[in-house]
Amino acid sequence: MAGSNSTVDVLETIRSALVNTAMPATPPWLGEKLADAGLLGGRLYIIRPPEDAVYPYAVMRLNLATSGTYNGERATGVLEVVLYDRPVTEVNLKRLEQMADVAQGALFAYSDASGGGLIFSRQSARQTLPPFIDPADANLAAVRVTFDITVWPRVLTRYVHP
Amino acid sequence: MAQWKRPPGGIDAFKSRLERAIYAGLTAQANALRNAWKRNLRGGFTSGDFVTGRAINSIRIAGPERQGAGFMVRVGTDVKYVLFWEVGHLNLFSRRYEHVPTLAPALEESLEVMRQRFRAAFTRALAGSPITPDGDTEPGLSGTAG
């Protein structure tokens with residue numbers, strides 16, 4: 001269910017935006033989105049991937065905190081999306097960077113007020129992670145994208161504004 | 001009517017003291033974060049059976065230093081596996097996806113402490129108290145900043 005009636009709602013709303021928002025269909029972009037079979041195929045998992053995850057895939061995590069400002073109704077934090085692929089080839093590395101571009105594009109100037117509450121993002125950063133070494137599998141490449149997220153979750157604000 | 005007063009030693013001396021105060025504040029903040037991160041690393045990433053102290057001992061503070069129009073201090077490590085556990089990786093030994101962040105929780109836990117430490121160190125340094133190596137100021141001593 002879209003919106004912010006619960007933390008799961010918030011996660012699913014953001015996940016849906018990441019997976020289904022398409023880049024522009026005009027050159028140099030191709031109208032691609034992370035749901036496309038040639039990119040993630042929708043394999044964006046929340047917190048951790050399944051044991052038999054197919055590559056490439058991505059994992060998203062959301063850390064939020066409220067503060068005394070706005071009486072605890074507003075939460076801010078970081079959404080982290082880490083994209084993984086294997087083996088480490090030039091083709092896969094370029095595809096990872098392309099997927100990171102699409103992820104950043106999907107949440108560029110993002111806002112969602114469906115179902116009550118508000119979720120928005122205005123800032124992102126990305127890092128191509130250095131090659132993995134022991135104890136991590138070196139045959140894996142990863143790019144990390146983070147977004148500043150602000151949420152006025154309906155799950156909190158409904159107590160004040162029913 | 002309030003009158004503007006020239007700070008003791010002039011504007012240049014004040015600017016120098018202000019910069020020292022910012023450095024003191026940033027160092028105090030960085031120490032707070034470093035300590036919180038080290039606490040999180042104490043038990044290792046899994047069972048705790050393989051803790052050697054390498055990760056804890058690798059946490060360093062770099063700076064403070066000027067960056068553009070502002071100032072920056074960095075807290076980090078050159079031990080790569082700390083990064084892998086922080087972002088998540090496929091572990092060769094467990095054969096599973098493993099993710100045990102230590103820095104992000106340390107930052108969240110210590111945000112308020114970091115703010116308080118900055119404020120305290122900055123205020124004392126601006127007032128002219130000598131600054132100790134860890135960024136704190138010695139409230140028992142007073143003096144004029146150079």
# chains A, B, ... in the order shown; residues from 1 in each chain; ligands from 1
call {"tool": "residues_around", "arguments": {"residues": "A:Asn5", "least_positions_apart": "3", "cutoff": "7 Å", "atoms": "only C-alpha atoms", "output": "list in words"}}
result
Asp9, Pro153, Arg154 and Val155 of chain A
call {"tool": "closest_atom_pairs", "arguments": {"of": "chain A", "to": "chain B", "cutoff": "7 Å", "atoms": "only C-alpha atoms", "output": "JSON lines"}}
result
{"residue": "A:Glu51", "atom": "CA", "partner": "B:Arg96", "partner_atom": "CA", "distance": 6.9}
{"residue": "A:Pro135", "atom": "CA", "partner": "B:Leu92", "partner_atom": "CA", "distance": 5.6}
{"residue": "A:Ala136", "atom": "CA", "partner": "B:Asn91", "partner_atom": "CA", "distance": 4.7}
{"residue": "A:Asp137", "atom": "CA", "partner": "B:Leu90", "partner_atom": "CA", "distance": 5.6}
call {"tool": "atom_distance", "arguments": {"atom1": "atom CA of B:Gln116", "atom2": "atom CA of B:Ile22"}}
result
13.4 Å
call {"tool": "residues_around", "arguments": {"residues": "A:Phe108", "least_positions_apart": "6", "cutoff": "9 Å", "atoms": "only C-alpha atoms", "output": "VMD selection string"}}
result
chain A and resid 121 to 124
call {"tool": "write_last_selection", "arguments": {"atoms": "C-alpha atoms", "output": "PDB file, in the first residue's frame"}}
result
ATOM      1  CA  SER A 121      14.378  13.356  -1.052  1.00  0.00           C
ATOM      2  CA  ARG A 122      16.516  16.177  -2.365  1.00  0.00           C
ATOM      3  CA  GLN A 123      20.087  14.947  -2.083  1.00  0.00           C
ATOM      4  CA  SER A 124      22.071  11.858  -3.021  1.00  0.00           C
TER       5      SER A 124
END
call {"tool": "closest_residue", "arguments": {"among": "A:Thr157, A:Asn71, A:Asn92, A:Gln104", "to": "A:Asn139", "atoms": "only C-alpha atoms"}}
result
A:Asn92
call {"tool": "residues_around", "arguments": {"residues": "B:Thr77", "least_positions_apart": "6", "cutoff": "9 Å", "atoms": "only C-alpha atoms", "output": "ChimeraX atom specification"}}
result
/B:55-61,83
call {"tool": "write_last_selection", "arguments": {"atoms": "C-alpha atoms", "output": "CSV table (one decimal), in the first residue's frame"}}
result
chain,number,residue,atom,x,y,z
B,55,ALA,CA,39.9,-3.0,13.3
B,56,ILE,CA,39.6,-1.1,16.6
B,57,ASN,CA,43.2,0.0,16.5
B,58,SER,CA,42.8,1.2,12.9
B,59,ILE,CA,40.2,3.9,13.6
B,60,ARG,CA,41.9,7.2,13.0
B,61,ILE,CA,41.1,10.9,13.0
B,83,LEU,CA,33.9,-1.2,5.0
call {"tool": "atom_distance", "arguments": {"atom1": "atom CA of A:Thr13", "atom2": "atom CA of B:Thr102"}}
result
27.3 Å
call {"tool": "select_by_dssp", "arguments": {"residues": "stretch 4-160 of chain A", "states": "strand (DSSP E or B)", "output": "JSON, numbers by chain"}}
result
{"A": [44, 45, 46, 57, 58, 59, 60, 61, 62, 63, 64, 65, 66, 75, 76, 77, 78, 79, 80, 81, 82, 83, 84, 85, 110, 111, 112, 118, 119, 120, 121, 122, 123, 124, 125, 126, 127, 128, 136, 141, 142, 143, 144, 145, 146, 147, 148, 149, 150, 151, 152]}
call {"tool": "closest_residue", "arguments": {"among": "B:Leu107, B:Ala24, B:Val79, B:Leu33", "to": "B:Ala120", "atoms": "only C-alpha atoms"}}
result
B:Ala24
call {"tool": "residues_around", "arguments": {"residues": "B:Ala28", "least_positions_apart": "2", "cutoff": "9 Å", "atoms": "only C-alpha atoms", "output": "NGL selection string"}}
result
:B and (23-26 or 30-33 or 114 or 117-118 or 120-122 or 134-136)
call {"tool": "write_last_selection", "arguments": {"atoms": "N, CA, C and O atoms", "output": "PDB file, in the first residue's frame"}}
result
ATOM      1  N   TYR B  23      38.416  24.275  15.243  1.00  0.00           N
ATOM      2  CA  TYR B  23      39.249  23.073  15.242  1.00  0.00           C
ATOM      3  C   TYR B  23      39.030  22.269  16.531  1.00  0.00           C
ATOM      4  O   TYR B  23      38.936  21.044  16.512  1.00  0.00           O
ATOM      5  N   ALA B  24      38.970  22.970  17.637  1.00  0.00           N
ATOM      6  CA  ALA B  24      38.772  22.287  18.915  1.00  0.00           C
ATOM      7  C   ALA B  24      37.423  21.579  18.936  1.00  0.00           C
ATOM      8  O   ALA B  24      37.302  20.437  19.391  1.00  0.00           O
ATOM      9  N   GLY B  25      36.402  22.262  18.430  1.00  0.00           N
ATOM     10  CA  GLY B  25      35.064  21.669  18.399  1.00  0.00           C
ATOM     11  C   GLY B  25      35.023  20.439  17.513  1.00  0.00           C
ATOM     12  O   GLY B  25      34.470  19.393  17.877  1.00  0.00           O
ATOM     13  N   LEU B  26      35.620  20.549  16.355  1.00  0.00           N
ATOM     14  CA  LEU B  26      35.610  19.415  15.420  1.00  0.00           C
ATOM     15  C   LEU B  26      36.389  18.236  15.982  1.00  0.00           C
ATOM     16  O   LEU B  26      35.992  17.081  15.839  1.00  0.00           O
ATOM     17  N   ALA B  30      34.966  14.562  16.705  1.00  0.00           N
ATOM     18  CA  ALA B  30      35.564  13.384  16.075  1.00  0.00           C
ATOM     19  C   ALA B  30      35.933  12.352  17.131  1.00  0.00           C
ATOM     20  O   ALA B  30      35.766  11.147  16.927  1.00  0.00           O
ATOM     21  N   ASN B  31      36.421  12.818  18.264  1.00  0.00           N
ATOM     22  CA  ASN B  31      36.759  11.881  19.334  1.00  0.00           C
ATOM     23  C   ASN B  31      35.522  11.159  19.846  1.00  0.00           C
ATOM     24  O   ASN B  31      35.561   9.972  20.153  1.00  0.00           O
ATOM     25  N   ALA B  32      34.421  11.884  19.953  1.00  0.00           N
ATOM     26  CA  ALA B  32      33.179  11.261  20.419  1.00  0.00           C
ATOM     27  C   ALA B  32      32.753  10.165  19.447  1.00  0.00           C
ATOM     28  O   ALA B  32      32.366   9.060  19.850  1.00  0.00           O
ATOM     29  N   LEU B  33      32.831  10.452  18.158  1.00  0.00           N
ATOM     30  CA  LEU B  33      32.438   9.453  17.158  1.00  0.00           C
ATOM     31  C   LEU B  33      33.411   8.277  17.161  1.00  0.00           C
ATOM     32  O   LEU B  33      33.004   7.113  17.104  1.00  0.00           O
ATOM     33  N   MET B 114      28.033  14.440  20.152  1.00  0.00           N
ATOM     34  CA  MET B 114      28.937  15.184  19.273  1.00  0.00           C
ATOM     35  C   MET B 114      28.575  16.655  19.259  1.00  0.00           C
ATOM     36  O   MET B 114      29.446  17.524  19.311  1.00  0.00           O
ATOM     37  N   ARG B 117      29.650  18.142  22.595  1.00  0.00           N
ATOM     38  CA  ARG B 117      31.103  18.259  22.692  1.00  0.00           C
ATOM     39  C   ARG B 117      31.616  19.420  21.846  1.00  0.00           C
ATOM     40  O   ARG B 117      32.524  20.142  22.254  1.00  0.00           O
ATOM     41  N   PHE B 118      31.054  19.557  20.657  1.00  0.00           N
ATOM     42  CA  PHE B 118      31.473  20.672  19.800  1.00  0.00           C
ATOM     43  C   PHE B 118      31.200  21.993  20.496  1.00  0.00           C
ATOM     44  O   PHE B 118      32.066  22.869  20.582  1.00  0.00           O
ATOM     45  N   ALA B 120      30.736  22.680  23.620  1.00  0.00           N
ATOM     46  CA  ALA B 120      31.544  22.923  24.822  1.00  0.00           C
ATOM     47  C   ALA B 120      32.976  23.282  24.454  1.00  0.00           C
ATOM     48  O   ALA B 120      33.535  24.267  24.964  1.00  0.00           O
ATOM     49  N   ALA B 121      33.574  22.512  23.553  1.00  0.00           N
ATOM     50  CA  ALA B 121      34.973  22.764  23.196  1.00  0.00           C
ATOM     51  C   ALA B 121      35.109  24.097  22.462  1.00  0.00           C
ATOM     52  O   ALA B 121      36.043  24.858  22.702  1.00  0.00           O
ATOM     53  N   PHE B 122      34.167  24.374  21.577  1.00  0.00           N
ATOM     54  CA  PHE B 122      34.209  25.625  20.821  1.00  0.00           C
ATOM     55  C   PHE B 122      34.096  26.828  21.757  1.00  0.00           C
ATOM     56  O   PHE B 122      34.872  27.782  21.661  1.00  0.00           O
ATOM     57  N   ASP B 134      43.303  16.348  22.670  1.00  0.00           N
ATOM     58  CA  ASP B 134      42.088  15.695  22.192  1.00  0.00           C
ATOM     59  C   ASP B 134      40.974  16.675  21.902  1.00  0.00           C
ATOM     60  O   ASP B 134      39.829  16.287  21.751  1.00  0.00           O
ATOM     61  N   GLY B 135      41.329  17.946  21.841  1.00  0.00           N
ATOM     62  CA  GLY B 135      40.325  18.934  21.427  1.00  0.00           C
ATOM     63  C   GLY B 135      39.585  19.547  22.583  1.00  0.00           C
ATOM     64  O   GLY B 135      38.875  20.531  22.420  1.00  0.00           O
ATOM     65  N   ASP B 136      39.712  18.973  23.773  1.00  0.00           N
ATOM     66  CA  ASP B 136      39.045  19.587  24.905  1.00  0.00           C
ATOM     67  C   ASP B 136      39.856  20.780  25.364  1.00  0.00           C
ATOM     68  O   ASP B 136      41.035  20.918  25.041  1.00  0.00           O
TER      69      ASP B 136
END
call {"tool": "closest_residue", "arguments": {"among": "A:Trp29, A:Leu34, A:Leu39, A:Ser111", "to": "A:Lys94", "atoms": "only C-alpha atoms"}}
result
A:Leu39
call {"tool": "atom_distance", "arguments": {"atom1": "atom CA of A:Pro49", "atom2": "atom CA of A:Ser4"}}
result
23.4 Å
call {"tool": "select_by_dssp", "arguments": {"residues": "stretch 59-162 of chain A", "states": "alpha helix (DSSP H)", "output": "list in words"}}
result
Glu90, Val91, Asn92, Leu93, Lys94, Arg95, Leu96, Glu97, Gln98, Met99, Ala100, Asp101, Val102, Ala103, Gln104, Gly105, Ala106, Arg154, Val155, Leu156 and Thr157 of chain A
call {"tool": "residues_around", "arguments": {"residues": "B:Pro7", "least_positions_apart": "2", "cutoff": "12 Å", "atoms": "only C-alpha atoms", "output": "MDAnalysis selection string"}}
result
chainID B and resid 4:5 9:18 126:127 144:145
call {"tool": "write_last_selection", "arguments": {"atoms": "N, CA and C atoms", "output": "compact mmCIF listing (two decimals), in the first residue's frame"}}
result
# COMPACT_ATOMS: atom_id res chain seq x y z
N TRP B 4 30.05 49.00 19.23
CA TRP B 4 30.93 47.92 18.80
C TRP B 4 32.28 48.11 19.48
N LYS B 5 32.84 47.03 19.94
CA LYS B 5 34.15 47.11 20.56
C LYS B 5 35.11 46.25 19.77
N GLY B 9 43.43 42.38 20.84
CA GLY B 9 44.38 41.89 19.86
C GLY B 9 43.98 42.19 18.43
N GLY B 10 42.76 42.70 18.22
CA GLY B 10 42.34 43.05 16.87
C GLY B 10 41.59 41.94 16.17
N ILE B 11 41.14 42.24 14.97
CA ILE B 11 40.31 41.32 14.20
C ILE B 11 41.09 40.07 13.82
N ASP B 12 42.33 40.24 13.45
CA ASP B 12 43.12 39.08 13.02
C ASP B 12 43.30 38.09 14.16
N ALA B 13 43.53 38.60 15.35
CA ALA B 13 43.68 37.72 16.51
C ALA B 13 42.37 37.00 16.79
N PHE B 14 41.26 37.70 16.60
CA PHE B 14 39.95 37.06 16.82
C PHE B 14 39.70 35.97 15.79
N LYS B 15 40.04 36.26 14.54
CA LYS B 15 39.85 35.25 13.50
C LYS B 15 40.67 34.01 13.79
N SER B 16 41.86 34.23 14.27
CA SER B 16 42.73 33.10 14.60
C SER B 16 42.13 32.30 15.75
N ARG B 17 41.61 33.00 16.74
CA ARG B 17 41.00 32.29 17.87
C ARG B 17 39.75 31.55 17.44
N LEU B 18 38.99 32.17 16.54
CA LEU B 18 37.77 31.52 16.05
C LEU B 18 38.11 30.23 15.32
N LEU B 126 37.01 29.52 22.38
CA LEU B 126 36.76 30.91 21.98
C LEU B 126 37.01 31.86 23.15
N ALA B 127 36.73 31.33 24.36
CA ALA B 127 36.94 32.16 25.55
C ALA B 127 38.42 32.28 25.89
N THR B 144 45.24 33.96 27.19
CA THR B 144 44.88 34.64 25.95
C THR B 144 45.35 33.80 24.80
N ALA B 145 44.48 33.65 23.84
CA ALA B 145 44.86 32.85 22.66
C ALA B 145 45.79 33.66 21.79
call {"tool": "decode", "arguments": {"residues": "stretch 95-109 of chain B", "atoms": "all heavy atoms", "output": "PDB file, in the first residue's frame"}}
result
ATOM      1  N   ARG B  95      29.489 -18.179   3.583  1.00  0.00           N
ATOM      2  CA  ARG B  95      28.799 -18.410   2.305  1.00  0.00           C
ATOM      3  C   ARG B  95      27.446 -17.699   2.255  1.00  0.00           C
ATOM      4  O   ARG B  95      26.535 -18.143   1.559  1.00  0.00           O
ATOM      5  CB  ARG B  95      28.572 -19.919   2.080  1.00  0.00           C
ATOM      6  CG  ARG B  95      29.840 -20.720   1.946  1.00  0.00           C
ATOM      7  CD  ARG B  95      30.358 -20.524   0.570  1.00  0.00           C
ATOM      8  NE  ARG B  95      31.496 -21.385   0.278  1.00  0.00           N
ATOM      9  CZ  ARG B  95      32.417 -21.057  -0.607  1.00  0.00           C
ATOM     10  NH1 ARG B  95      32.338 -19.917  -1.249  1.00  0.00           N
ATOM     11  NH2 ARG B  95      33.418 -21.852  -0.861  1.00  0.00           N
ATOM     12  N   ARG B  96      27.324 -16.631   3.011  1.00  0.00           N
ATOM     13  CA  ARG B  96      26.061 -15.910   3.034  1.00  0.00           C
ATOM     14  C   ARG B  96      26.316 -14.426   2.883  1.00  0.00           C
ATOM     15  O   ARG B  96      27.436 -13.956   3.077  1.00  0.00           O
ATOM     16  CB  ARG B  96      25.368 -16.126   4.387  1.00  0.00           C
ATOM     17  CG  ARG B  96      24.810 -17.486   4.625  1.00  0.00           C
ATOM     18  CD  ARG B  96      24.360 -17.650   6.061  1.00  0.00           C
ATOM     19  NE  ARG B  96      23.839 -16.431   6.622  1.00  0.00           N
ATOM     20  CZ  ARG B  96      23.587 -16.276   7.916  1.00  0.00           C
ATOM     21  NH1 ARG B  96      23.787 -17.263   8.745  1.00  0.00           N
ATOM     22  NH2 ARG B  96      23.125 -15.155   8.382  1.00  0.00           N
ATOM     23  N   TYR B  97      25.252 -13.707   2.592  1.00  0.00           N
ATOM     24  CA  TYR B  97      25.301 -12.251   2.595  1.00  0.00           C
ATOM     25  C   TYR B  97      25.403 -11.806   4.050  1.00  0.00           C
ATOM     26  O   TYR B  97      24.588 -12.187   4.883  1.00  0.00           O
ATOM     27  CB  TYR B  97      24.033 -11.685   1.954  1.00  0.00           C
ATOM     28  CG  TYR B  97      23.977 -10.180   1.910  1.00  0.00           C
ATOM     29  CD1 TYR B  97      24.569  -9.485   0.861  1.00  0.00           C
ATOM     30  CD2 TYR B  97      23.315  -9.464   2.898  1.00  0.00           C
ATOM     31  CE1 TYR B  97      24.508  -8.103   0.804  1.00  0.00           C
ATOM     32  CE2 TYR B  97      23.258  -8.084   2.846  1.00  0.00           C
ATOM     33  CZ  TYR B  97      23.848  -7.400   1.800  1.00  0.00           C
ATOM     34  OH  TYR B  97      23.800  -6.033   1.746  1.00  0.00           O
ATOM     35  N   GLU B  98      26.412 -11.019   4.371  1.00  0.00           N
ATOM     36  CA  GLU B  98      26.617 -10.558   5.734  1.00  0.00           C
ATOM     37  C   GLU B  98      26.630  -9.037   5.749  1.00  0.00           C
ATOM     38  O   GLU B  98      27.199  -8.395   4.875  1.00  0.00           O
ATOM     39  CB  GLU B  98      27.949 -11.075   6.301  1.00  0.00           C
ATOM     40  CG  GLU B  98      28.098 -12.585   6.318  1.00  0.00           C
ATOM     41  CD  GLU B  98      27.355 -13.228   7.485  1.00  0.00           C
ATOM     42  OE1 GLU B  98      26.670 -12.513   8.242  1.00  0.00           O
ATOM     43  OE2 GLU B  98      27.480 -14.462   7.632  1.00  0.00           O
ATOM     44  N   HIS B  99      26.001  -8.492   6.750  1.00  0.00           N
ATOM     45  CA  HIS B  99      25.951  -7.026   6.887  1.00  0.00           C
ATOM     46  C   HIS B  99      25.916  -6.689   8.366  1.00  0.00           C
ATOM     47  O   HIS B  99      24.930  -6.983   9.037  1.00  0.00           O
ATOM     48  CB  HIS B  99      24.711  -6.478   6.165  1.00  0.00           C
ATOM     49  CG  HIS B  99      24.471  -5.026   6.380  1.00  0.00           C
ATOM     50  ND1 HIS B  99      23.326  -4.515   6.963  1.00  0.00           N
ATOM     51  CD2 HIS B  99      25.254  -3.949   6.114  1.00  0.00           C
ATOM     52  CE1 HIS B  99      23.418  -3.214   7.037  1.00  0.00           C
ATOM     53  NE2 HIS B  99      24.564  -2.831   6.523  1.00  0.00           N
ATOM     54  N   VAL B 100      26.998  -6.156   8.888  1.00  0.00           N
ATOM     55  CA  VAL B 100      27.058  -5.765  10.290  1.00  0.00           C
ATOM     56  C   VAL B 100      27.644  -4.350  10.352  1.00  0.00           C
ATOM     57  O   VAL B 100      28.863  -4.175  10.436  1.00  0.00           O
ATOM     58  CB  VAL B 100      27.929  -6.737  11.139  1.00  0.00           C
ATOM     59  CG1 VAL B 100      27.922  -6.302  12.603  1.00  0.00           C
ATOM     60  CG2 VAL B 100      27.428  -8.160  11.000  1.00  0.00           C
ATOM     61  N   PRO B 101      26.767  -3.342  10.293  1.00  0.00           N
ATOM     62  CA  PRO B 101      27.302  -1.980  10.336  1.00  0.00           C
ATOM     63  C   PRO B 101      27.753  -1.617  11.744  1.00  0.00           C
ATOM     64  O   PRO B 101      27.123  -2.013  12.720  1.00  0.00           O
ATOM     65  CB  PRO B 101      26.105  -1.127   9.910  1.00  0.00           C
ATOM     66  CG  PRO B 101      24.915  -1.941  10.273  1.00  0.00           C
ATOM     67  CD  PRO B 101      25.323  -3.382  10.184  1.00  0.00           C
ATOM     68  N   THR B 102      28.828  -0.883  11.839  1.00  0.00           N
ATOM     69  CA  THR B 102      29.308  -0.390  13.132  1.00  0.00           C
ATOM     70  C   THR B 102      29.417   1.131  13.125  1.00  0.00           C
ATOM     71  O   THR B 102      29.180   1.771  14.149  1.00  0.00           O
ATOM     72  CB  THR B 102      30.697  -0.988  13.458  1.00  0.00           C
ATOM     73  OG1 THR B 102      31.564  -0.802  12.336  1.00  0.00           O
ATOM     74  CG2 THR B 102      30.582  -2.471  13.775  1.00  0.00           C
ATOM     75  N   LEU B 103      29.742   1.709  11.978  1.00  0.00           N
ATOM     76  CA  LEU B 103      29.912   3.160  11.920  1.00  0.00           C
ATOM     77  C   LEU B 103      28.567   3.889  11.924  1.00  0.00           C
ATOM     78  O   LEU B 103      28.380   4.845  12.689  1.00  0.00           O
ATOM     79  CB  LEU B 103      30.692   3.541  10.665  1.00  0.00           C
ATOM     80  CG  LEU B 103      30.828   5.059  10.400  1.00  0.00           C
ATOM     81  CD1 LEU B 103      31.466   5.775  11.570  1.00  0.00           C
ATOM     82  CD2 LEU B 103      31.612   5.304   9.123  1.00  0.00           C
ATOM     83  N   ALA B 104      27.633   3.448  11.084  1.00  0.00           N
ATOM     84  CA  ALA B 104      26.345   4.142  11.017  1.00  0.00           C
ATOM     85  C   ALA B 104      25.637   4.157  12.385  1.00  0.00           C
ATOM     86  O   ALA B 104      25.157   5.213  12.817  1.00  0.00           O
ATOM     87  CB  ALA B 104      25.460   3.517   9.939  1.00  0.00           C
ATOM     88  N   PRO B 105      25.562   3.031  13.093  1.00  0.00           N
ATOM     89  CA  PRO B 105      24.947   3.079  14.429  1.00  0.00           C
ATOM     90  C   PRO B 105      25.728   3.976  15.391  1.00  0.00           C
ATOM     91  O   PRO B 105      25.130   4.675  16.210  1.00  0.00           O
ATOM     92  CB  PRO B 105      24.989   1.616  14.904  1.00  0.00           C
ATOM     93  CG  PRO B 105      25.128   0.812  13.677  1.00  0.00           C
ATOM     94  CD  PRO B 105      25.896   1.641  12.725  1.00  0.00           C
ATOM     95  N   ALA B 106      27.077   3.971  15.269  1.00  0.00           N
ATOM     96  CA  ALA B 106      27.882   4.828  16.156  1.00  0.00           C
ATOM     97  C   ALA B 106      27.550   6.290  15.915  1.00  0.00           C
ATOM     98  O   ALA B 106      27.431   7.085  16.853  1.00  0.00           O
ATOM     99  CB  ALA B 106      29.371   4.570  15.930  1.00  0.00           C
ATOM    100  N   LEU B 107      27.375   6.644  14.644  1.00  0.00           N
ATOM    101  CA  LEU B 107      27.057   8.036  14.302  1.00  0.00           C
ATOM    102  C   LEU B 107      25.684   8.415  14.848  1.00  0.00           C
ATOM    103  O   LEU B 107      25.511   9.474  15.449  1.00  0.00           O
ATOM    104  CB  LEU B 107      27.091   8.198  12.785  1.00  0.00           C
ATOM    105  CG  LEU B 107      26.915   9.612  12.234  1.00  0.00           C
ATOM    106  CD1 LEU B 107      27.988  10.534  12.782  1.00  0.00           C
ATOM    107  CD2 LEU B 107      26.966   9.592  10.714  1.00  0.00           C
ATOM    108  N   GLU B 108      24.715   7.528  14.671  1.00  0.00           N
ATOM    109  CA  GLU B 108      23.371   7.830  15.177  1.00  0.00           C
ATOM    110  C   GLU B 108      23.359   7.967  16.697  1.00  0.00           C
ATOM    111  O   GLU B 108      22.744   8.873  17.245  1.00  0.00           O
ATOM    112  CB  GLU B 108      22.410   6.703  14.794  1.00  0.00           C
ATOM    113  CG  GLU B 108      21.964   6.750  13.347  1.00  0.00           C
ATOM    114  CD  GLU B 108      21.203   5.495  12.953  1.00  0.00           C
ATOM    115  OE1 GLU B 108      20.545   4.903  13.838  1.00  0.00           O
ATOM    116  OE2 GLU B 108      21.286   5.106  11.780  1.00  0.00           O
ATOM    117  N   GLU B 109      24.054   7.038  17.356  1.00  0.00           N
ATOM    118  CA  GLU B 109      24.041   7.052  18.835  1.00  0.00           C
ATOM    119  C   GLU B 109      24.714   8.300  19.384  1.00  0.00           C
ATOM    120  O   GLU B 109      24.349   8.790  20.447  1.00  0.00           O
ATOM    121  CB  GLU B 109      24.837   5.860  19.378  1.00  0.00           C
ATOM    122  CG  GLU B 109      24.191   4.510  19.206  1.00  0.00           C
ATOM    123  CD  GLU B 109      25.242   3.400  19.225  1.00  0.00           C
ATOM    124  OE1 GLU B 109      26.387   3.653  19.685  1.00  0.00           O
ATOM    125  OE2 GLU B 109      24.916   2.298  18.760  1.00  0.00           O
TER     126      GLU B 109
END
